[in-house]
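Visitor: Below you'll find input28.cif; it's mmCIF, C-alpha atoms.
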```
data_start
loop_
_atom_site.label_atom_id
_atom_site.label_comp_id
_atom_site.auth_asym_id
_atom_site.auth_seq_id
_atom_site.Cartn_x
_atom_site.Cartn_y
_atom_site.Cartn_z
CA MET Q 9 -63.61 -39.44 9.12
CA GLN Q 10 -63.01 -36.04 7.57
CA GLU Q 11 -59.23 -36.63 7.70
CA LYS Q 12 -59.50 -39.87 5.65
CA LYS Q 13 -61.70 -38.19 3.06
CA THR Q 14 -59.17 -35.37 2.68
CA LEU Q 15 -56.33 -37.90 2.31
CA ASN Q 16 -58.22 -39.75 -0.43
CA ASN Q 17 -58.63 -36.53 -2.40
CA LYS Q 18 -54.93 -35.74 -2.37
CA PRO Q 19 -53.19 -36.16 -5.73
CA ILE Q 20 -50.82 -38.90 -6.88
CA GLY Q 21 -47.37 -37.53 -7.73
CA ILE Q 22 -45.67 -38.95 -10.84
CA PHE Q 23 -42.24 -37.95 -12.10
CA ASP Q 24 -39.93 -38.76 -14.97
CA SER Q 25 -36.86 -37.34 -16.69
CA GLY Q 26 -39.11 -35.95 -19.42
CA PHE Q 27 -42.12 -37.06 -21.44
CA GLY Q 28 -41.87 -40.84 -21.16
CA GLY Q 29 -43.57 -41.06 -17.79
CA LEU Q 30 -46.74 -39.77 -19.41
CA THR Q 31 -47.27 -43.36 -20.60
CA VAL Q 32 -47.50 -44.31 -16.92
CA MET Q 33 -49.76 -41.37 -16.16
CA SER Q 34 -52.01 -42.36 -19.06
CA ALA Q 35 -52.33 -45.92 -17.72
CA VAL Q 36 -53.01 -44.67 -14.17
CA SER Q 37 -55.64 -42.15 -15.31
CA LYS Q 38 -57.44 -44.74 -17.46
CA LEU Q 39 -57.56 -47.28 -14.63
CA MET Q 40 -58.44 -44.71 -11.95
CA PRO Q 41 -60.20 -41.77 -13.66
CA ASN Q 42 -61.23 -40.29 -10.30
CA GLU Q 43 -57.66 -39.70 -9.15
CA ASN Q 44 -56.01 -36.29 -9.19
CA ILE Q 45 -52.47 -36.39 -10.58
CA ILE Q 46 -49.49 -34.04 -10.43
CA TYR Q 47 -46.83 -34.79 -13.04
CA PHE Q 48 -43.26 -33.48 -13.02
CA GLY Q 49 -41.01 -33.85 -16.08
CA ASP Q 50 -37.35 -33.00 -15.52
CA THR Q 51 -36.95 -31.75 -19.07
CA ALA Q 52 -33.85 -29.68 -18.20
CA HIS Q 53 -31.88 -32.84 -17.44
CA VAL Q 54 -33.28 -35.47 -19.83
CA PRO Q 55 -32.05 -38.14 -20.46
CA TYR Q 56 -31.19 -39.67 -17.08
CA GLY Q 57 -29.86 -42.86 -18.65
CA THR Q 58 -26.39 -41.48 -19.37
CA LYS Q 59 -25.93 -39.83 -15.95
CA SER Q 60 -24.33 -41.15 -12.76
CA LYS Q 61 -26.26 -42.74 -9.92
CA LYS Q 62 -25.47 -39.83 -7.60
CA ILE Q 63 -26.66 -37.17 -10.03
CA VAL Q 64 -29.90 -39.01 -10.81
CA THR Q 65 -30.55 -39.62 -7.09
CA ASP Q 66 -29.96 -35.93 -6.35
CA PHE Q 67 -32.53 -35.00 -9.01
CA ALA Q 68 -34.99 -37.59 -7.68
CA VAL Q 69 -34.67 -36.28 -4.12
CA GLU Q 70 -35.33 -32.68 -5.18
CA ILE Q 71 -38.31 -33.67 -7.31
CA SER Q 72 -39.75 -35.80 -4.50
CA LYS Q 73 -39.45 -32.84 -2.13
CA PHE Q 74 -41.28 -30.70 -4.67
CA LEU Q 75 -44.11 -33.23 -5.05
CA ILE Q 76 -44.41 -33.60 -1.28
CA SER Q 77 -44.70 -29.79 -1.04
CA LYS Q 78 -47.73 -30.19 -3.32
CA ASP Q 79 -49.26 -32.55 -0.71
CA VAL Q 80 -49.30 -35.74 -2.80
CA LYS Q 81 -50.43 -38.97 -1.13
CA MET Q 82 -48.13 -41.23 -3.15
CA ILE Q 83 -45.13 -40.90 -5.47
CA VAL Q 84 -44.65 -42.98 -8.61
CA ILE Q 85 -41.16 -42.92 -10.15
CA ALA Q 86 -42.15 -43.26 -13.80
CA CYS Q 87 -38.54 -43.52 -14.92
CA ASN Q 88 -36.62 -46.77 -15.09
CA THR Q 89 -33.21 -45.20 -14.47
CA ALA Q 90 -34.44 -43.23 -11.45
CA SER Q 91 -36.23 -46.33 -10.16
CA ALA Q 92 -33.05 -48.39 -10.48
CA PHE Q 93 -30.79 -45.76 -8.91
CA SER Q 94 -32.96 -43.95 -6.38
CA LEU Q 95 -35.97 -45.97 -5.18
CA ASP Q 96 -34.29 -47.69 -2.22
CA TYR Q 97 -32.83 -44.40 -0.96
CA LEU Q 98 -36.08 -42.47 -1.42
CA LYS Q 99 -37.99 -45.11 0.55
CA LYS Q 100 -35.77 -44.28 3.52
CA ILE Q 101 -36.40 -40.55 3.46
CA VAL Q 102 -39.98 -40.26 2.15
CA ASN Q 103 -42.83 -40.90 4.59
CA ILE Q 104 -45.53 -41.57 1.99
CA PRO Q 105 -45.90 -44.63 -0.29
CA ILE Q 106 -43.42 -44.57 -3.18
CA ILE Q 107 -43.08 -47.10 -5.99
CA GLY Q 108 -40.95 -47.53 -9.12
CA VAL Q 109 -41.64 -49.06 -12.50
CA ILE Q 110 -39.16 -51.94 -12.50
CA LYS Q 111 -40.74 -54.51 -10.18
CA ALA Q 112 -44.13 -54.56 -11.90
CA GLY Q 113 -42.65 -55.18 -15.36
CA SER Q 114 -40.23 -57.78 -14.03
CA VAL Q 115 -42.95 -59.86 -12.36
CA LEU Q 116 -45.22 -59.70 -15.41
CA SER Q 117 -42.45 -60.79 -17.80
CA ALA Q 118 -41.46 -63.67 -15.51
CA GLN Q 119 -45.07 -64.84 -15.45
CA ILE Q 120 -45.56 -64.89 -19.22
CA THR Q 121 -42.24 -66.24 -20.54
CA LYS Q 122 -42.44 -69.85 -21.71
CA ASN Q 123 -38.81 -70.61 -22.54
CA LYS Q 124 -37.37 -68.56 -19.64
CA LYS Q 125 -35.42 -66.28 -21.96
CA ILE Q 126 -36.19 -62.60 -21.49
CA GLY Q 127 -34.67 -59.60 -23.27
CA VAL Q 128 -34.45 -56.19 -21.60
CA ILE Q 129 -33.90 -52.94 -23.47
CA GLY Q 130 -33.34 -49.65 -21.67
CA THR Q 131 -31.05 -46.71 -21.07
CA GLU Q 132 -27.38 -47.21 -20.24
CA GLY Q 133 -28.04 -46.50 -16.56
CA THR Q 134 -30.89 -49.00 -16.26
CA ILE Q 135 -29.02 -51.74 -18.09
CA LYS Q 136 -25.80 -51.24 -16.09
CA SER Q 137 -27.75 -51.42 -12.82
CA LYS Q 138 -29.07 -54.92 -13.73
CA ALA Q 139 -32.22 -53.88 -11.86
CA TYR Q 140 -34.57 -55.92 -14.07
CA GLU Q 141 -32.39 -59.00 -13.91
CA LYS Q 142 -32.25 -58.81 -10.09
CA GLU Q 143 -36.04 -58.49 -9.80
CA ILE Q 144 -36.70 -61.28 -12.30
CA LYS Q 145 -34.27 -63.61 -10.50
CA LYS Q 146 -36.17 -62.99 -7.25
CA TYR Q 147 -39.26 -64.36 -8.97
CA ASP Q 148 -37.58 -67.25 -10.82
CA LYS Q 149 -33.83 -67.85 -10.58
CA ASN Q 150 -33.92 -70.14 -13.65
CA ILE Q 151 -34.84 -67.34 -16.04
CA ASN Q 152 -32.07 -66.09 -18.32
CA CYS Q 153 -31.96 -62.35 -18.95
CA PHE Q 154 -30.26 -60.69 -21.91
CA SER Q 155 -29.92 -56.91 -21.81
CA LYS Q 156 -29.16 -54.20 -24.35
CA ALA Q 157 -28.72 -50.47 -23.81
CA CYS Q 158 -30.45 -48.42 -26.53
CA PRO Q 159 -29.32 -44.81 -25.92
CA LEU Q 160 -30.74 -43.44 -29.18
CA PHE Q 161 -34.32 -44.49 -28.43
CA VAL Q 162 -35.11 -41.61 -26.04
CA PRO Q 163 -33.93 -38.87 -28.45
CA LEU Q 164 -35.94 -40.53 -31.24
CA VAL Q 165 -39.11 -40.35 -29.13
CA GLU Q 166 -38.39 -36.82 -27.91
CA GLU Q 167 -38.06 -35.70 -31.55
CA GLY Q 168 -41.25 -37.51 -32.53
CA TRP Q 169 -39.44 -40.05 -34.73
CA CYS Q 170 -41.43 -43.06 -33.57
CA ASP Q 171 -41.69 -44.76 -36.96
CA GLY Q 172 -40.20 -44.65 -40.43
CA LYS Q 173 -37.19 -46.34 -42.03
CA ILE Q 174 -34.49 -44.57 -39.98
CA THR Q 175 -36.14 -45.52 -36.68
CA GLU Q 176 -36.75 -49.08 -37.88
CA ASP Q 177 -33.11 -49.47 -38.93
CA ILE Q 178 -31.85 -48.18 -35.56
CA ILE Q 179 -34.13 -50.61 -33.70
CA LYS Q 180 -32.85 -53.50 -35.85
CA VAL Q 181 -29.23 -52.68 -34.97
CA TYR Q 182 -29.92 -52.58 -31.25
CA ILE Q 183 -32.20 -55.61 -31.00
CA LYS Q 184 -30.34 -57.94 -33.38
CA ASP Q 185 -28.25 -59.57 -30.62
CA LEU Q 186 -31.30 -60.19 -28.41
CA LEU Q 187 -33.16 -61.93 -31.21
CA ASN Q 188 -30.19 -64.25 -31.68
CA LYS Q 189 -30.66 -65.37 -28.04
CA ASN Q 190 -34.06 -66.88 -28.88
CA ILE Q 191 -35.96 -64.70 -26.38
CA ASP Q 192 -39.73 -65.09 -26.22
CA THR Q 193 -40.35 -61.93 -24.15
CA ILE Q 194 -38.88 -58.44 -24.28
CA ILE Q 195 -39.24 -55.73 -21.63
CA LEU Q 196 -39.45 -52.12 -22.70
CA GLY Q 197 -37.23 -50.91 -19.87
CA CYS Q 198 -37.83 -47.20 -20.38
CA THR Q 199 -41.12 -45.33 -20.24
CA HIS Q 200 -40.31 -43.59 -23.54
CA TYR Q 201 -40.19 -46.90 -25.40
CA PRO Q 202 -43.96 -47.63 -25.59
CA LEU Q 203 -44.08 -44.85 -28.20
CA LEU Q 204 -41.82 -47.08 -30.31
CA LYS Q 205 -43.89 -50.19 -29.61
CA LYS Q 206 -45.47 -50.52 -33.06
CA THR Q 207 -42.12 -50.20 -34.81
CA ILE Q 208 -40.44 -52.59 -32.36
CA LYS Q 209 -43.26 -55.08 -33.00
CA LYS Q 210 -42.67 -54.73 -36.72
CA VAL Q 211 -38.98 -55.59 -36.22
CA ILE Q 212 -39.36 -58.52 -33.78
CA GLY Q 213 -42.56 -60.11 -35.12
CA ASP Q 214 -45.61 -61.56 -33.40
CA LYS Q 215 -43.99 -64.49 -31.59
CA ILE Q 216 -42.23 -62.38 -28.97
CA ASN Q 217 -44.20 -60.90 -26.07
CA ILE Q 218 -43.69 -57.19 -25.41
CA VAL Q 219 -43.96 -56.12 -21.76
CA ASP Q 220 -44.77 -52.46 -21.23
CA SER Q 221 -44.44 -51.60 -17.54
CA ALA Q 222 -46.97 -48.76 -17.58
CA SER Q 223 -50.13 -50.87 -17.25
CA ALA Q 224 -48.49 -53.13 -14.67
CA VAL Q 225 -47.48 -50.10 -12.59
CA ALA Q 226 -51.01 -48.67 -12.78
CA LEU Q 227 -52.37 -51.92 -11.31
CA ARG Q 228 -49.76 -51.75 -8.53
CA VAL Q 229 -50.77 -48.16 -7.73
CA GLN Q 230 -54.43 -49.14 -7.55
CA THR Q 231 -53.68 -52.14 -5.31
CA LEU Q 232 -51.57 -50.06 -2.93
CA LEU Q 233 -54.15 -47.30 -2.65
CA LYS Q 234 -56.85 -49.88 -1.94
CA GLU Q 235 -54.74 -51.52 0.76
CA LYS Q 236 -54.22 -48.17 2.46
CA CYS Q 237 -57.84 -47.03 1.95
CA MET Q 238 -56.58 -44.05 -0.06
CA LEU Q 239 -58.56 -44.43 -3.31
CA LYS Q 240 -60.50 -41.40 -4.51
CA LYS Q 241 -63.92 -42.84 -5.28
CA ALA Q 242 -65.84 -39.92 -6.75
CA GLY Q 243 -65.40 -36.97 -9.07
CA LYS Q 244 -63.33 -36.58 -12.23
CA GLY Q 245 -59.59 -36.43 -11.71
CA LYS Q 246 -57.76 -33.14 -12.20
CA TYR Q 247 -54.23 -32.95 -13.62
CA LYS Q 248 -51.37 -30.52 -13.09
CA PHE Q 249 -48.09 -30.49 -15.00
CA PHE Q 250 -44.70 -29.09 -14.01
CA VAL Q 251 -41.38 -29.14 -15.86
CA SER Q 252 -37.85 -27.88 -15.27
CA ASP Q 253 -37.52 -26.51 -18.83
CA SER Q 254 -39.31 -26.01 -22.17
CA PRO Q 255 -42.99 -26.01 -21.07
CA GLU Q 256 -44.29 -25.33 -24.59
CA LYS Q 257 -42.35 -28.25 -26.07
CA PHE Q 258 -43.59 -30.46 -23.23
CA LYS Q 259 -47.18 -29.45 -23.93
CA ALA Q 260 -46.85 -30.08 -27.68
CA ILE Q 261 -45.24 -33.51 -27.36
CA GLY Q 262 -47.08 -34.46 -24.17
CA ASN Q 263 -50.48 -34.15 -25.80
CA LYS Q 264 -49.47 -36.93 -28.21
CA PHE Q 265 -49.18 -39.16 -25.13
CA LEU Q 266 -52.37 -38.01 -23.40
CA GLY Q 267 -54.67 -36.87 -26.19
CA ASN Q 268 -54.78 -33.10 -25.65
CA LYS Q 269 -55.34 -33.27 -21.90
CA ILE Q 270 -52.48 -30.89 -21.13
CA GLN Q 271 -53.81 -27.35 -20.80
CA ASN Q 272 -51.20 -25.62 -18.65
CA VAL Q 273 -47.57 -26.47 -17.93
CA LYS Q 274 -45.62 -24.57 -15.28
CA LYS Q 275 -41.84 -24.27 -15.27
CA VAL Q 276 -40.15 -24.58 -11.88
CA LYS Q 277 -36.54 -24.62 -10.73
#
```
Could you express the structure from this file as C-alpha cells?

Guide:
Amino acid sequence: MQEKKTLNNKPIGIFDSGFGGLTVMSAVSKLMPNENIIYFGDTAHVPYGTKSKKIVTDFAVEISKFLISKDVKMIVIACNTASAFSLDYLKKIVNIPIIGVIKAGSVLSAQITKNKKIGVIGTEGTIKSKAYEKEIKKYDKNINCFSKACPLFVPLVEEGWCDGKITEDIIKVYIKDLLNKNIDTIILGCTHYPLLKKTIKKVIGDKINIVDSASAVALRVQTLLKEKCMLKKAGKGKYKFFVSDSPEKFKAIGNKFLGNKIQNVKKVK
C-alpha cells in the first residue's frame, strides 16, 4: 500500500524544445492541481522543427533519461516535432507511460469537423512527417488534410511578438492557401502556437474551429493516470523547471504562459 502511495506522489515529467510546452503544463496543472510536475525546456536547441529526425530523437532520448533520473511516473512529450519523430522509439526504451501531443489533437479535430476538411499548421519537421494526417486517417479515412509549415511562428512567440500588424501579416501569408481549401477546422500543430491563437482567430474568422492540443493532452494524461491508479489525490502540486540554456530568459517568458508560477529555473547539460 505504501508503494502505491509513493508512486502516486511522483511527478509528471513534461518536455519541449523551449517554452511552448508550458501551454501543455498549464492545461495539465489546471485539470490536475494536485500533481507535481517537472518541466524541461531544451532552450539550447530550439527550434526542433528545422532539425533532422535523428538529432531530435537523440535530444528526446537524453531528456527522457534526465526526467527518469528525477523519478517521474510519466513522460509527456509536449512538442509536436519530438512527438512525430521520437515517440515510437521512446516507447520501446522507456519503461514508464509516455505520450505525445499529436494523437489527442488529431482525434479531437476529426470529431468536430463537419465538412471533413482539416488544416494543419506546424513546424517543418512536423508537417514533413505527416504525423497528424496519419492519425486523422486512422480515425476517419474520408477526411482531407491540408498542411502548411510555418517556421516563423516559433521565433515570433519566443520574442513575444504574439500580436500586432507584423505578426498578423505573417500569419495571413502562411494561412492563405489553407483558407482557399475551404477548411472548417485548423490544428495548431505546435505547442508555441496557442500564444498566437487570438491573432490567428482574427485572421481566419469565427467559422473555423481552432484545435489546441494542450487541453486534449491534459485529458489524456488524466485518463491514463486514472487507469493505472497513479493519480495524486491530495496536496497542492509542486513544480520544478530545468533548461539547457538561458534560465533567466526562460523564467521571464515562461511566466507569461503560467502566470508567475516559475520561481527557480536550473540549467543542466

Visitor: Ranking Q:Ile120, Q:Val54, Q:Val225, Q:Ile261 by minimum distance to Gly168 (chain Q) and counting only C-alpha atoms, which one comes first?

Guide: Q:Ile261

Visitor: Could you state which residues are captured by the PyMOL selection byres ((chain Q and resi 65) around 9) in this file, as a tab-separated table (two decimals) with C-alpha atoms, in the coordinates of the input?

Guide:
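Wrote out-v1.tsv, looks like this:
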```tsv
chain	number	residue	atom	x	y	z
Q	60	SER	CA	-24.33	-41.15	-12.76
Q	61	LYS	CA	-26.26	-42.74	-9.92
Q	62	LYS	CA	-25.47	-39.83	-7.60
Q	63	ILE	CA	-26.66	-37.17	-10.03
Q	64	VAL	CA	-29.90	-39.01	-10.81
Q	66	ASP	CA	-29.96	-35.93	-6.35
Q	67	PHE	CA	-32.53	-35.00	-9.01
Q	68	ALA	CA	-34.99	-37.59	-7.68
Q	69	VAL	CA	-34.67	-36.28	-4.12
Q	70	GLU	CA	-35.33	-32.68	-5.18
Q	90	ALA	CA	-34.44	-43.23	-11.45
Q	93	PHE	CA	-30.79	-45.76	-8.91
Q	94	SER	CA	-32.96	-43.95	-6.38
Q	95	LEU	CA	-35.97	-45.97	-5.18
Q	97	TYR	CA	-32.83	-44.40	-0.96
Q	98	LEU	CA	-36.08	-42.47	-1.42
```

Visitor: Pull the neighbourhood of (-39.1, -22.8, -17.3) for me: all residues within 6 Å in file coordinates, counting only C-alpha atoms, as an mmCIF file with C-alpha atoms, in the coordinates of the input.

Guide:
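Here's the written file result03.cif:
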```cif
data_model
loop_
_atom_site.group_PDB
_atom_site.id
_atom_site.type_symbol
_atom_site.label_atom_id
_atom_site.label_comp_id
_atom_site.auth_asym_id
_atom_site.auth_seq_id
_atom_site.Cartn_x
_atom_site.Cartn_y
_atom_site.Cartn_z
ATOM 1 C CA SER Q 252 -37.850 -27.880 -15.270
ATOM 2 C CA ASP Q 253 -37.520 -26.510 -18.830
ATOM 3 C CA SER Q 254 -39.310 -26.010 -22.170
ATOM 4 C CA LYS Q 275 -41.840 -24.270 -15.270
ATOM 5 C CA VAL Q 276 -40.150 -24.580 -11.880
#
```

Visitor: With a distance cut-off of 8 Å and only C-alpha atoms, select the neighbouring residues of Cys87 (chain Q), excluding the residue or stretch itself and same-chain residues fewer than 6 positions from it, and output the selection as an NGL selection string.

Guide: :Q and (23-25 or 28-29 or 108-109 or 198-199)

Visitor: Translate the PyMOL selection byres ((chain Q and resi 158-163) around 8), as applied to the file shown, into an explicit residue set as an MDAnalysis selection string.

Guide: chainID Q and resid 55 57:58 129:132 156:157 164:167 182 200:201

Visitor: Only C-alpha atoms needed: put region 100-150 of chain Q from the block into a file as an mmCIF file, in the first residue's frame.

Guide:
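Done, and the output landed in result.cif:
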```cif
data_model
loop_
_atom_site.group_PDB
_atom_site.id
_atom_site.type_symbol
_atom_site.label_atom_id
_atom_site.label_comp_id
_atom_site.auth_asym_id
_atom_site.auth_seq_id
_atom_site.Cartn_x
_atom_site.Cartn_y
_atom_site.Cartn_z
ATOM 1 C CA LYS Q 100 10.461 0.937 -26.830
ATOM 2 C CA ILE Q 101 13.155 2.075 -24.421
ATOM 3 C CA VAL Q 102 11.201 3.805 -21.628
ATOM 4 C CA ASN Q 103 9.510 1.615 -19.020
ATOM 5 C CA ILE Q 104 7.042 4.223 -17.743
ATOM 6 C CA PRO Q 105 3.962 5.621 -19.544
ATOM 7 C CA ILE Q 106 4.890 8.128 -22.258
ATOM 8 C CA ILE Q 107 2.544 10.095 -24.504
ATOM 9 C CA GLY Q 108 2.848 12.734 -27.230
ATOM 10 C CA VAL Q 109 0.651 15.634 -28.252
ATOM 11 C CA ILE Q 110 -0.334 14.578 -31.768
ATOM 12 C CA LYS Q 111 -2.918 11.838 -31.212
ATOM 13 C CA ALA Q 112 -5.118 13.854 -28.849
ATOM 14 C CA GLY Q 113 -5.377 16.830 -31.216
ATOM 15 C CA SER Q 114 -5.957 14.583 -34.214
ATOM 16 C CA VAL Q 115 -8.871 12.733 -32.627
ATOM 17 C CA LEU Q 116 -10.499 15.944 -31.396
ATOM 18 C CA SER Q 117 -10.264 17.629 -34.814
ATOM 19 C CA ALA Q 118 -11.689 14.548 -36.552
ATOM 20 C CA GLN Q 119 -14.628 14.588 -34.144
ATOM 21 C CA ILE Q 120 -15.564 18.234 -34.667
ATOM 22 C CA THR Q 121 -15.057 18.754 -38.414
ATOM 23 C CA LYS Q 122 -18.315 18.928 -40.366
ATOM 24 C CA ASN Q 123 -17.078 19.113 -43.956
ATOM 25 C CA LYS Q 124 -14.123 16.731 -43.408
ATOM 26 C CA LYS Q 125 -11.564 19.348 -44.422
ATOM 27 C CA ILE Q 126 -8.904 19.976 -41.797
ATOM 28 C CA GLY Q 127 -5.912 22.311 -41.961
ATOM 29 C CA VAL Q 128 -2.726 21.614 -40.006
ATOM 30 C CA ILE Q 129 -0.072 24.216 -39.254
ATOM 31 C CA GLY Q 130 3.224 23.318 -37.618
ATOM 32 C CA THR Q 131 6.989 23.282 -37.864
ATOM 33 C CA GLU Q 132 8.738 21.937 -40.956
ATOM 34 C CA GLY Q 133 9.565 18.681 -39.165
ATOM 35 C CA THR Q 134 6.006 18.039 -38.003
ATOM 36 C CA ILE Q 135 4.490 18.843 -41.391
ATOM 37 C CA LYS Q 136 7.006 16.707 -43.316
ATOM 38 C CA SER Q 137 6.323 13.750 -41.015
ATOM 39 C CA LYS Q 138 2.585 13.820 -41.919
ATOM 40 C CA ALA Q 139 2.009 12.664 -38.338
ATOM 41 C CA TYR Q 140 -1.315 14.491 -37.956
ATOM 42 C CA GLU Q 141 -2.606 13.267 -41.294
ATOM 43 C CA LYS Q 142 -1.746 9.650 -40.396
ATOM 44 C CA GLU Q 143 -3.522 9.876 -37.027
ATOM 45 C CA ILE Q 144 -6.584 11.596 -38.502
ATOM 46 C CA LYS Q 145 -6.854 8.970 -41.263
ATOM 47 C CA LYS Q 146 -6.845 6.245 -38.598
ATOM 48 C CA TYR Q 147 -9.960 7.866 -37.148
ATOM 49 C CA ASP Q 148 -11.708 8.666 -40.453
ATOM 50 C CA LYS Q 149 -10.085 7.857 -43.804
ATOM 51 C CA ASN Q 150 -12.520 10.187 -45.629
#
```
